[in-house]
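Worksheet: the structure to be examined is printed underneath.
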Number of protein chains: 2
Amino acid sequence: MRKGFLTGHREEGSLITQRNRGVRVTIHDLAKAAGVSVSTVSKALNDNGRMAADTRARIKRIAAEIGFRPNALARGLLSNRSFTIGLLTNDTYGRFTLPVMAGISEALVDHGVSVFLCAIEDDPALGKVHVDAMLDKQVDGIIATGKRVDRSLPVDLSSLPVPVVYAFTQGEPDSVTLTSDDAHGASLATDWLMKMGRKRLVHITGPEDFVSASERADAFRKLAGSNAPVMHGIWAEGWGHDAIDQIWKGSGERPDGIFCGNDQIARGVADALRERGMKVPEDVSVIGFDNWEIMAAQTRPPLTTIDMNLKELGKAAGLIVLALAEGRVVEPGLRRLPCKLVVRQSCGGGNQKI
Amino acid sequence: MRKGFLTGHREEGSLITQRNRGVRVTIHDLAKAAGVSVSTVSKALNDNGRMAADTRARIKRIAAEIGFRPNALARGLLSNRSFTIGLLTNDTYGRFTLPVMAGISEALVDHGVSVFLCAIEDDPALGKVHVDAMLDKQVDGIIATGKRVDRSLPVDLSSLPVPVVYAFTQGEPDSVTLTSDDAHGASLATDWLMKMGRKRLVHITGPEDFVSASERADAFRKLAGSNAPVMHGIWAEGWGHDAIDQIWKGSGERPDGIFCGNDQIARGVADALRERGMKVPEDVSVIGFDNWEIMAAQTRPPLTTIDMNLKELGKAAGLIVLALAEGRVVEPGLRRLPCKLVVRQSCGGGNQKI
DNA sequence: TTGAAAGCGATACCAC
DNA sequence: GTGGTATCGCTTTCAA
């Protein structure tokens, strides 16, 4: 991106430009004010060409004084870069999209790139309208994101004139796709339960046909033993209750460590255990998945859980589209980003070394 | 907005443009392909000027065939309209912002307007960077939204060269500000409890210094009686527990109807009641506020609650910035939008007439 | 070292 | 009816 003049860097909180916020001042006005030609102004501000250092400085000063900011539309028309990207999502609750979005925005704002948010529900027509609108506006790239890694958005993103990066949703074969490493996350969780001294582990999770569920289950079994029980249900609190119900009604041995497929299930499990007089974490350790702050922190006791680093994933996605937009080469393929363990109280061992 | 040719309307899912998605075709290419001049093409597509009906039709057909879509940057440069607006928010969890955003987007997508989402946390510097970036990109307007009606965003939005609408956050004196009608919502809730035959009402809510809390409390007292107890605490589940604790430990009479300031508190209350052997809704009716789906639906029993119609609020905000951007006159001031009651099971009376 | 002029893609006015 | 031309705000040769 352009250097030297008003970039997106946060340090330059010039108070001066505030003053003239109400009016749009063009490079023409600035040229007149500085008594030079527009081309000189342009070069001065962009640190291009050769020119007297003091002329350059003077122009920059006057630019700041009168609050000049170049028109990005005009700039984009010429450069074929709009410094704009589009974020397509079908995640209505934003549980996954928001952190991703925050990461993207954070990574790109300092590069002067803004993000169009397009919520397309699961409506192909709506998706097309949004994609077309973004292309019309000459976005430099598109990030597609969803709530499920094994489903794709209801829009055809192949052969667009701009690069597309997929985050947390299924991408085209030869595209860049980012996802969190479910197996890694599940290993972290299982491992932590074992480190807490738990022997009888159970995994209570979502539907088997979710790839993320089955990958986590596989990783769980790899550590906990191939016949450690895995219970598939739905991704809801109620399923946590039901699962505990089943286990406690059954004749099998009762677990002392439970790895839940998400924080909602974990909350249901924790509540159900408490209602049965079991103490968490004294009698049973419970670990969740997602680190959905508002759920994990409100559970009694607060949930130890796995964080998928969605914000980092967003940052990575942002930087990758940016690279792609700038013509840099990026190796296509699926990238799995590591998860991290967040220790609260539902497993015990808060101050133990990991 | 422009009529006749490729507008944002969803019906025209032209399969043809799909074909040429990979290339950007300019009006020049199209003119050449049609054997006419660019000005003729422009008039044909925009239904301007007088011209042979068949020429117009032919040009439109060819345009669709080769997948021509006008460059919005060029268009915007000339018209001073970018068909883009900015949404500024400091609501990190998106609980309030997401529905508002969905409403805005839904209202505007058919007008060809896209939305920049700018999450500024509570960082003034970051806010300024985002505002400047949006202004550079010539947004037609800005919607500022937050999580609290009585606090403003940490950015100075006065005297911007574009219209600003405030939604769910405090606005400049002479601006348009939208908010939900807290008093109305509280009345709906209190009224519903009374309709359920409840006599001993209590209001458990957030901090008194939140205007929304105090307005709701006032409305509550107006219906429930001026000495109906109002308990101020924090907006969290834990406070629901604590409040019930206080009441049950105290010597005062116990309520049979509880109006909670939000769904989290309501959930805490419902849980706490259940733990004390009280049945909801048989013994006590509990009503929440926010209709935060994932919380309200997962509570046992599912919460009857007040919906602030945030999506409608977003739609209204979108249409208002649009009007303002088009130079139409909009009366400034604070507009309170009505709430609605959402009946689930925590109050009883699900099938009773409202 | 500086400035004039062409051009990015589209629209609108005014000739023809 | 149709097409040339100026224009929007900016960048970039190329002359001076």
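Here, A, B, ... name the chains of the structure tokens in the order displayed, residue numbers run from 1 inside each chain, and ligands are numbered from 1 in the same displayed order.
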Worksheet entry | Contacts of region 2-14 of chain C at 10 Å (only C-alpha atoms (C1' of nucleotides); same-chain gap of 5+ positions) as a ChimeraX atom specification | /A:36-40,50-52,74-80 /B:26-28,38-39,42-43,46,48,70-79 /D:4-8,10-16
Worksheet item: How would you write, as JSON, numbers by chain, the set of residues in region 85-270 of chain A that DSSP gives as strand (DSSP E)?
Response: {"A": [85, 86, 87, 88, 89, 114, 115, 116, 117, 118, 119, 141, 142, 143, 144, 145, 146, 147, 148, 164, 165, 166, 167, 168, 169, 176, 177, 178, 179, 180, 201, 202, 203, 204, 205, 230, 231, 232, 257, 258, 259, 260]}
Within 6 Å of region 124-130 of chain A using only C-alpha atoms (C1' of nucleotides), minus same-chain residues under 3 positions, as a PDB file with C-alpha atoms, in the first residue's frame:
```pdb
ATOM      1  CA  ILE A 120     -26.726 -14.508   3.130  1.00  0.00           C
ATOM      2  CA  ALA A 133     -22.849  -6.192  -5.536  1.00  0.00           C
ATOM      3  CA  PRO A 154     -25.014 -21.651  -1.329  1.00  0.00           C
ATOM      4  CA  VAL A 155     -23.121 -19.532  -3.826  1.00  0.00           C
TER       5      VAL A 155
END
```
Discussion item. Using only C-alpha atoms (C1' of nucleotides), which protein or nucleic acid residues come within 12 Å of Leu334 (chain B)? Drop anything in the same chain fewer than 2 positions from it, and give the result as a list in words.
Written reply: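 Counting only the stated atoms, we get Val149, Val165, Tyr166, Ala167, Phe168, Thr169, Gln170, Gly171, Glu172, Pro173, Asp174, Ser175, Val176, Thr177, Leu178, Thr179, Ser180, Asp181, Ala317, Val330, Glu331, Pro332, Arg336 and Leu337 of chain B.
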Per residue of chain A within 6 Å of chain B, what are the shortest atom pair and its distance in Å to one decimal, counting only C-alpha atoms, with rows by chain and residue number, as JSON lines?
```
{"residue": "A:Arg21", "atom": "CA", "partner": "B:Leu160", "partner_atom": "CA", "distance": 5.4}
{"residue": "A:Gly22", "atom": "CA", "partner": "B:Pro161", "partner_atom": "CA", "distance": 4.5}
{"residue": "A:Val23", "atom": "CA", "partner": "B:Pro161", "partner_atom": "CA", "distance": 5.7}
{"residue": "A:Asn71", "atom": "CA", "partner": "B:Asp136", "partner_atom": "CA", "distance": 5.3}
{"residue": "A:Ala72", "atom": "CA", "partner": "B:Lys137", "partner_atom": "CA", "distance": 4.9}
{"residue": "A:Leu73", "atom": "CA", "partner": "B:Leu73", "partner_atom": "CA", "distance": 5.2}
{"residue": "A:Val115", "atom": "CA", "partner": "B:Phe116", "partner_atom": "CA", "distance": 5.4}
{"residue": "A:Phe116", "atom": "CA", "partner": "B:Phe116", "partner_atom": "CA", "distance": 4.4}
{"residue": "A:Leu117", "atom": "CA", "partner": "B:Leu117", "partner_atom": "CA", "distance": 5.9}
{"residue": "A:Asp136", "atom": "CA", "partner": "B:Ala72", "partner_atom": "CA", "distance": 5.3}
{"residue": "A:Lys137", "atom": "CA", "partner": "B:Ala72", "partner_atom": "CA", "distance": 4.9}
{"residue": "A:Ser159", "atom": "CA", "partner": "B:Gly22", "partner_atom": "CA", "distance": 4.9}
{"residue": "A:Leu160", "atom": "CA", "partner": "B:Gly22", "partner_atom": "CA", "distance": 4.6}
{"residue": "A:Pro161", "atom": "CA", "partner": "B:Gly22", "partner_atom": "CA", "distance": 4.4}
```
Worksheet item: For chain D against chain B, which residues fall within 7 Å using only C-alpha atoms (C1' of nucleotides), given as a PyMOL selection string?
Response: chain D and resi 1-3+8
Generate a file of the selected residues that holds C-alpha atoms (C1' of nucleotides), formatted as a CSV table (one decimal), in the first residue's frame.
```csv
chain,number,residue,atom,x,y,z
D,1,DG,C1',-32.0,8.1,-32.6
D,2,DT,C1',-27.1,8.2,-32.1
D,3,DG,C1',-22.3,9.6,-31.0
D,8,DC,C1',-15.7,13.0,-11.7
```
Fill in: Filtered DSSP result for region 35-184 of chain B, state alpha helix (DSSP H), as a PyMOL selection string
chain B and resi 38-46+53-65+72-79+97-109+124-136+182-184
Discussion item. At a cut-off of 6 Å, using only C-alpha atoms (C1' of nucleotides), what residues contact region 201-214 of chain B? Leave out same-chain residues fewer than 3 positions from it and give the result as a count of residues only.
Written reply: 14
Item to complete: May I have the residues within 6 Å of Lys315 (chain A) as a list in words, using only C-alpha atoms (C1' of nucleotides) and disregarding those fewer than 5 positions away in the same chain?
Response: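 Near neighbours after the sequence-gap exclusion: Gly103, Ile104 and Ala107 of chain A.
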Worksheet item: For the atom pair CA of His241 (chain A) and CA of Phe289 (chain A), what is the interatomic distance in Å to one decimal place?
Response: 16.5 Å
Practice prompt. Using CA of Ile287 (chain A) and CA of Leu273 (chain B) as the two end points, give the distance in Å to one decimal.
Written response: 26.5 Å
Worksheet item: Which neighbours of Gln345 (chain A) fall inside 6 Å, counting only C-alpha atoms (C1' of nucleotides), when residues of the same chain fewer than 3 positions from it are skipped, and could you give them as number ranges by chain?
Response: A: 301-304, 348
May I have the selected residues written with C-alpha atoms, as a CSV table (one decimal), in the first residue's frame?
```csv
chain,number,residue,atom,x,y,z
A,301,PRO,CA,-18.3,-24.0,37.7
A,302,PRO,CA,-16.9,-21.9,34.8
A,303,LEU,CA,-15.9,-24.2,32.0
A,304,THR,CA,-12.4,-25.3,31.1
A,348,GLY,CA,-9.8,-28.8,38.5
```
